[in-house]
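What follows is the content of work.cif (mmCIF, N, CA and C atoms).
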```cif
data_entry
loop_
_atom_site.label_atom_id
_atom_site.label_comp_id
_atom_site.auth_asym_id
_atom_site.auth_seq_id
_atom_site.Cartn_x
_atom_site.Cartn_y
_atom_site.Cartn_z
N MET A 586 56.97 -20.46 146.52
CA MET A 586 55.86 -21.33 146.19
C MET A 586 56.41 -22.73 145.91
N LEU A 587 55.75 -23.72 146.43
CA LEU A 587 56.16 -25.11 146.25
C LEU A 587 55.65 -25.63 144.92
N TRP A 588 56.54 -26.23 144.14
CA TRP A 588 56.16 -26.77 142.83
C TRP A 588 55.89 -28.26 142.97
N ILE A 589 54.69 -28.70 142.53
CA ILE A 589 54.31 -30.12 142.57
C ILE A 589 54.11 -30.58 141.13
N PRO A 590 54.80 -31.63 140.71
CA PRO A 590 54.62 -32.09 139.33
C PRO A 590 53.20 -32.59 139.09
N TRP A 591 52.75 -32.48 137.84
CA TRP A 591 51.37 -32.84 137.51
C TRP A 591 51.11 -34.32 137.72
N THR A 592 52.14 -35.16 137.67
CA THR A 592 51.94 -36.59 137.85
C THR A 592 51.55 -36.92 139.29
N ALA A 593 51.92 -36.08 140.21
CA ALA A 593 51.57 -36.32 141.60
C ALA A 593 50.08 -36.07 141.84
N LYS A 594 49.47 -35.21 141.03
CA LYS A 594 48.05 -34.90 141.19
C LYS A 594 47.15 -35.84 140.40
N LYS A 595 47.74 -36.64 139.55
CA LYS A 595 46.99 -37.49 138.63
C LYS A 595 46.18 -38.55 139.40
N LYS A 596 44.91 -38.68 139.04
CA LYS A 596 44.04 -39.70 139.63
C LYS A 596 43.60 -40.64 138.53
N SER A 597 43.54 -41.89 138.84
CA SER A 597 43.05 -42.85 137.86
C SER A 597 41.52 -42.88 137.89
N ASN A 598 40.95 -43.39 136.83
CA ASN A 598 39.49 -43.50 136.78
C ASN A 598 38.97 -44.40 137.88
N GLU A 599 39.69 -45.46 138.15
CA GLU A 599 39.27 -46.39 139.21
C GLU A 599 39.26 -45.69 140.57
N ARG A 600 40.24 -44.86 140.81
CA ARG A 600 40.32 -44.16 142.10
C ARG A 600 39.16 -43.17 142.24
N VAL A 601 38.83 -42.47 141.17
CA VAL A 601 37.72 -41.52 141.22
C VAL A 601 36.40 -42.26 141.46
N LEU A 602 36.22 -43.40 140.79
CA LEU A 602 35.00 -44.19 140.98
C LEU A 602 34.91 -44.72 142.41
N ASN A 603 36.03 -45.14 142.96
CA ASN A 603 36.03 -45.63 144.34
C ASN A 603 35.69 -44.52 145.33
N GLU A 604 36.23 -43.33 145.10
CA GLU A 604 35.95 -42.20 146.00
C GLU A 604 34.48 -41.79 145.92
N ALA A 605 33.87 -41.95 144.78
CA ALA A 605 32.47 -41.58 144.61
C ALA A 605 31.53 -42.74 144.94
N ASN A 606 32.09 -43.89 145.31
CA ASN A 606 31.31 -45.09 145.60
C ASN A 606 30.41 -45.48 144.43
N LYS A 607 30.97 -45.42 143.23
CA LYS A 607 30.25 -45.79 142.01
C LYS A 607 30.99 -46.93 141.33
N ARG A 608 30.25 -47.63 140.45
CA ARG A 608 30.84 -48.69 139.65
C ARG A 608 30.63 -48.38 138.19
N ARG A 609 31.45 -48.96 137.35
CA ARG A 609 31.26 -48.78 135.92
C ARG A 609 29.96 -49.45 135.51
N SER A 610 29.14 -48.73 134.77
CA SER A 610 27.83 -49.29 134.45
C SER A 610 27.52 -49.30 132.95
N LEU A 611 28.39 -48.80 132.12
CA LEU A 611 28.10 -48.72 130.70
C LEU A 611 27.94 -50.11 130.08
N VAL A 612 28.85 -51.02 130.38
CA VAL A 612 28.78 -52.36 129.81
C VAL A 612 27.54 -53.08 130.31
N ARG A 613 27.24 -52.91 131.59
CA ARG A 613 26.03 -53.56 132.13
C ARG A 613 24.79 -53.01 131.46
N THR A 614 24.73 -51.71 131.22
CA THR A 614 23.58 -51.11 130.58
C THR A 614 23.43 -51.62 129.14
N ILE A 615 24.54 -51.72 128.44
CA ILE A 615 24.50 -52.24 127.06
C ILE A 615 24.00 -53.67 127.05
N ARG A 616 24.52 -54.51 127.93
CA ARG A 616 24.09 -55.91 127.99
C ARG A 616 22.61 -56.03 128.33
N LYS A 617 22.14 -55.20 129.24
CA LYS A 617 20.73 -55.25 129.62
C LYS A 617 19.84 -54.87 128.44
N ARG A 618 20.24 -53.84 127.71
CA ARG A 618 19.46 -53.43 126.54
C ARG A 618 19.50 -54.48 125.44
N GLN A 619 20.65 -55.13 125.27
CA GLN A 619 20.73 -56.22 124.29
C GLN A 619 19.80 -57.35 124.68
N ALA A 620 19.74 -57.66 125.96
CA ALA A 620 18.89 -58.76 126.42
C ALA A 620 17.42 -58.44 126.22
N THR A 621 17.01 -57.22 126.50
CA THR A 621 15.60 -56.88 126.31
C THR A 621 15.25 -56.86 124.82
N PHE A 622 16.16 -56.38 123.98
CA PHE A 622 15.91 -56.41 122.53
C PHE A 622 15.84 -57.84 122.03
N LEU A 623 16.75 -58.69 122.51
CA LEU A 623 16.76 -60.07 122.07
C LEU A 623 15.47 -60.79 122.45
N SER A 624 14.99 -60.56 123.66
CA SER A 624 13.75 -61.22 124.08
C SER A 624 12.58 -60.75 123.23
N HIS A 625 12.56 -59.48 122.88
CA HIS A 625 11.51 -58.94 122.02
C HIS A 625 11.55 -59.61 120.65
N VAL A 626 12.74 -59.72 120.07
CA VAL A 626 12.88 -60.31 118.74
C VAL A 626 12.54 -61.80 118.77
N MET A 627 12.98 -62.50 119.78
CA MET A 627 12.75 -63.94 119.84
C MET A 627 11.27 -64.29 120.01
N ARG A 628 10.55 -63.46 120.73
CA ARG A 628 9.13 -63.75 120.91
C ARG A 628 8.34 -63.51 119.64
N ARG A 629 8.81 -62.61 118.77
CA ARG A 629 8.12 -62.35 117.51
C ARG A 629 8.28 -63.51 116.55
N GLY A 630 9.48 -64.09 116.47
CA GLY A 630 9.72 -65.26 115.66
C GLY A 630 9.73 -65.02 114.17
N LYS A 631 10.14 -63.87 113.72
CA LYS A 631 10.15 -63.57 112.29
C LYS A 631 11.59 -63.62 111.77
N LEU A 632 11.88 -62.86 110.76
CA LEU A 632 13.19 -62.88 110.12
C LEU A 632 14.31 -62.50 111.09
N GLU A 633 14.04 -61.55 111.97
CA GLU A 633 15.07 -61.16 112.94
C GLU A 633 15.47 -62.32 113.84
N HIS A 634 14.52 -63.19 114.12
CA HIS A 634 14.80 -64.38 114.93
C HIS A 634 15.81 -65.27 114.22
N LEU A 635 15.62 -65.47 112.94
CA LEU A 635 16.55 -66.30 112.18
C LEU A 635 17.94 -65.68 112.11
N VAL A 636 18.00 -64.39 111.91
CA VAL A 636 19.29 -63.71 111.80
C VAL A 636 20.02 -63.71 113.14
N THR A 637 19.30 -63.49 114.21
CA THR A 637 19.93 -63.42 115.54
C THR A 637 20.48 -64.77 115.97
N THR A 638 19.76 -65.83 115.70
CA THR A 638 20.24 -67.15 116.09
C THR A 638 21.26 -67.71 115.12
N GLY A 639 21.37 -67.11 113.94
CA GLY A 639 22.37 -67.54 112.97
C GLY A 639 21.94 -68.75 112.16
N LYS A 640 20.65 -69.01 112.06
CA LYS A 640 20.16 -70.17 111.34
C LYS A 640 19.61 -69.75 109.98
N PHE A 641 20.49 -69.47 109.05
CA PHE A 641 20.04 -69.15 107.71
C PHE A 641 21.01 -69.76 106.71
N GLU A 642 20.56 -69.94 105.50
CA GLU A 642 21.31 -70.63 104.46
C GLU A 642 22.45 -69.75 103.95
N GLY A 643 23.45 -70.41 103.38
CA GLY A 643 24.54 -69.69 102.74
C GLY A 643 25.89 -70.09 103.30
N LYS A 644 26.91 -69.55 102.70
CA LYS A 644 28.27 -69.85 103.13
C LYS A 644 28.70 -68.89 104.23
N ARG A 645 29.57 -69.39 105.08
CA ARG A 645 30.14 -68.52 106.10
C ARG A 645 31.28 -67.72 105.47
N SER A 646 31.47 -66.53 105.96
CA SER A 646 32.55 -65.70 105.42
C SER A 646 33.90 -66.19 105.93
N ARG A 647 34.93 -65.77 105.24
CA ARG A 647 36.28 -66.17 105.62
C ARG A 647 36.74 -65.39 106.85
N GLY A 648 37.74 -65.94 107.49
CA GLY A 648 38.34 -65.24 108.63
C GLY A 648 37.67 -65.59 109.94
N ARG A 649 37.99 -64.82 110.93
CA ARG A 649 37.44 -65.07 112.27
C ARG A 649 35.96 -64.74 112.28
N GLN A 650 35.19 -65.62 112.86
CA GLN A 650 33.75 -65.42 112.91
C GLN A 650 33.42 -64.33 113.92
N ARG A 651 32.40 -63.57 113.63
CA ARG A 651 31.98 -62.51 114.53
C ARG A 651 31.30 -63.11 115.76
N GLU A 652 31.42 -62.40 116.85
CA GLU A 652 30.75 -62.85 118.06
C GLU A 652 29.26 -62.55 117.93
N LYS A 653 28.45 -63.54 118.23
CA LYS A 653 27.01 -63.37 118.12
C LYS A 653 26.46 -62.77 119.41
N ILE A 654 25.32 -62.14 119.29
CA ILE A 654 24.67 -61.55 120.47
C ILE A 654 24.38 -62.64 121.49
N MET A 655 23.97 -63.80 121.00
CA MET A 655 23.63 -64.89 121.91
C MET A 655 24.84 -65.35 122.72
N ASP A 656 26.00 -65.42 122.10
CA ASP A 656 27.20 -65.84 122.82
C ASP A 656 27.59 -64.83 123.90
N GLY A 657 27.49 -63.55 123.57
CA GLY A 657 27.81 -62.52 124.55
C GLY A 657 26.86 -62.54 125.74
N LEU A 658 25.57 -62.75 125.46
CA LEU A 658 24.60 -62.81 126.56
C LEU A 658 24.76 -64.08 127.38
N ALA A 659 25.16 -65.17 126.73
CA ALA A 659 25.36 -66.42 127.47
C ALA A 659 26.49 -66.27 128.48
N THR A 660 27.55 -65.57 128.11
CA THR A 660 28.63 -65.37 129.07
C THR A 660 28.22 -64.37 130.15
N TRP A 661 27.40 -63.38 129.81
CA TRP A 661 26.98 -62.38 130.79
C TRP A 661 25.99 -62.96 131.79
N LEU A 662 25.09 -63.81 131.33
CA LEU A 662 24.06 -64.36 132.21
C LEU A 662 24.58 -65.48 133.10
N GLY A 663 25.76 -65.97 132.82
CA GLY A 663 26.32 -67.01 133.67
C GLY A 663 26.37 -68.34 132.96
N PRO A 664 26.69 -69.38 133.72
CA PRO A 664 26.83 -70.70 133.08
C PRO A 664 25.49 -71.16 132.51
N GLY A 665 25.56 -71.63 131.33
CA GLY A 665 24.36 -72.11 130.66
C GLY A 665 24.57 -72.14 129.16
N LYS A 666 23.73 -72.88 128.51
CA LYS A 666 23.82 -73.01 127.06
C LYS A 666 22.92 -71.99 126.39
N VAL A 667 23.18 -71.79 125.13
CA VAL A 667 22.35 -70.88 124.35
C VAL A 667 20.93 -71.43 124.26
N SER A 668 20.81 -72.75 124.17
CA SER A 668 19.47 -73.35 124.09
C SER A 668 18.68 -73.12 125.38
N ASP A 669 19.36 -73.10 126.53
CA ASP A 669 18.69 -72.79 127.79
C ASP A 669 18.19 -71.34 127.81
N ILE A 670 18.99 -70.45 127.25
CA ILE A 670 18.59 -69.04 127.19
C ILE A 670 17.38 -68.87 126.28
N LEU A 671 17.40 -69.55 125.13
CA LEU A 671 16.26 -69.46 124.22
C LEU A 671 14.98 -69.99 124.86
N ALA A 672 15.10 -71.02 125.68
CA ALA A 672 13.93 -71.55 126.38
C ALA A 672 13.46 -70.58 127.46
N ALA A 673 14.40 -69.91 128.12
CA ALA A 673 14.04 -68.97 129.19
C ALA A 673 13.37 -67.72 128.63
N ILE A 674 13.69 -67.35 127.40
CA ILE A 674 13.10 -66.16 126.80
C ILE A 674 11.59 -66.32 126.66
N LYS A 675 11.13 -67.53 126.42
CA LYS A 675 9.70 -67.77 126.24
C LYS A 675 8.91 -67.46 127.52
N ASP A 676 9.53 -67.68 128.68
CA ASP A 676 8.89 -67.40 129.97
C ASP A 676 9.36 -66.01 130.43
N ARG A 677 8.49 -65.02 130.34
CA ARG A 677 8.89 -63.63 130.63
C ARG A 677 9.35 -63.43 132.07
N ASP A 678 8.66 -64.04 133.03
CA ASP A 678 9.03 -63.85 134.44
C ASP A 678 10.42 -64.42 134.71
N LEU A 679 10.70 -65.60 134.20
CA LEU A 679 12.02 -66.20 134.38
C LEU A 679 13.09 -65.35 133.71
N TRP A 680 12.81 -64.85 132.51
CA TRP A 680 13.76 -64.02 131.78
C TRP A 680 14.06 -62.73 132.53
N ARG A 681 13.03 -62.09 133.05
CA ARG A 681 13.24 -60.84 133.80
C ARG A 681 14.07 -61.09 135.05
N ASP A 682 13.83 -62.21 135.73
CA ASP A 682 14.63 -62.54 136.91
C ASP A 682 16.09 -62.78 136.53
N MET A 683 16.32 -63.46 135.41
CA MET A 683 17.70 -63.72 134.98
C MET A 683 18.42 -62.41 134.68
N ILE A 684 17.75 -61.49 134.01
CA ILE A 684 18.36 -60.22 133.65
C ILE A 684 18.63 -59.40 134.91
N ALA A 685 17.68 -59.38 135.82
CA ALA A 685 17.83 -58.59 137.06
C ALA A 685 19.00 -59.14 137.88
N ASN A 686 19.12 -60.45 137.99
CA ASN A 686 20.22 -61.04 138.76
C ASN A 686 21.58 -60.74 138.13
N ALA A 687 21.64 -60.85 136.81
CA ALA A 687 22.91 -60.56 136.12
C ALA A 687 23.27 -59.08 136.26
N TYR A 688 22.27 -58.21 136.22
CA TYR A 688 22.53 -56.77 136.34
C TYR A 688 23.00 -56.42 137.74
N LYS A 689 22.43 -57.06 138.76
CA LYS A 689 22.83 -56.78 140.14
C LYS A 689 24.26 -57.26 140.41
N GLN A 690 24.64 -58.38 139.79
CA GLN A 690 25.98 -58.91 140.01
C GLN A 690 27.04 -58.03 139.38
N GLY A 691 26.64 -57.27 138.35
CA GLY A 691 27.57 -56.33 137.74
C GLY A 691 28.60 -56.94 136.84
N THR A 692 28.31 -58.10 136.29
CA THR A 692 29.28 -58.74 135.41
C THR A 692 29.19 -58.20 134.02
#
```

Using structure tokens, write down the structure that the file contains.
Amino acid sequence: MLWIPWTAKKKSNERVLNEANKRRSLVRTIRKRQATFLSHVMRRGKLEHLVTTGKFEGKRSRGRQREKIMDGLATWLGPGKVSDILAAIKDRDLWRDMIANAYKQGT
């Protein structure tokens, strides 16, 4: 019987995804859900709106600042400012198109 070491049989995750003609979708799904939640919160305009945009009184904590949801979505949606995103949230059709395009690109 021929002995084959286990390292020769090893497949990487990327190779398995390529063979199945699939792409990683967990990060895209998370970003899409964050975007839909953010648009829901921003349209309500209550306390969650203030917390999400980071506009509330008080001192900032020490150390490295946490990444905000808005900053993560700004990089995912492509070039643009956070203020442009906040303006686009008000128009539902434009917002849905932005999310759909970003989701299709797979970034």

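Residues with any atom within 12 Å of A:Glu599, counting only C-alpha atoms and excluding same-chain neighbours fewer than 5 positions away, are A:Glu604, A:Ala605, A:Asn606, A:Lys607, A:Arg608, A:Arg609.
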
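For the set A:Ser646, A:Leu658, A:Gly663, A:Leu671, the residue with the smallest atom-to-atom gap to A:Lys617 is A:Leu658, counting only C-alpha atoms.
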
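Here the PyMOL selection byres ((chain A and resi 662) around 8) matches the residues Asp656, Gly657, Leu658, Ala659, Thr660, Trp661, Gly663, Pro664, Gly665, Met683, Ile684, Asn686, Ala687, Tyr688 and Thr692 of chain A.
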
Discussion item. Calculated over only C-alpha atoms, which of the candidates A:Leu679, A:Thr621, A:Lys653, A:Lys644 has the smallest distance to A:Val667?
Written reply: A:Lys653

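Relative to atom C of A:Met655, atom N of A:Asp669 is found at 10.2 Å.
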
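Atom CA of A:Thr614 sits 16.9 Å away from atom CA of A:Leu602.
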
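From atom CA of A:Arg613 back to atom CA of A:Lys595, the distance works out to 27.2 Å.
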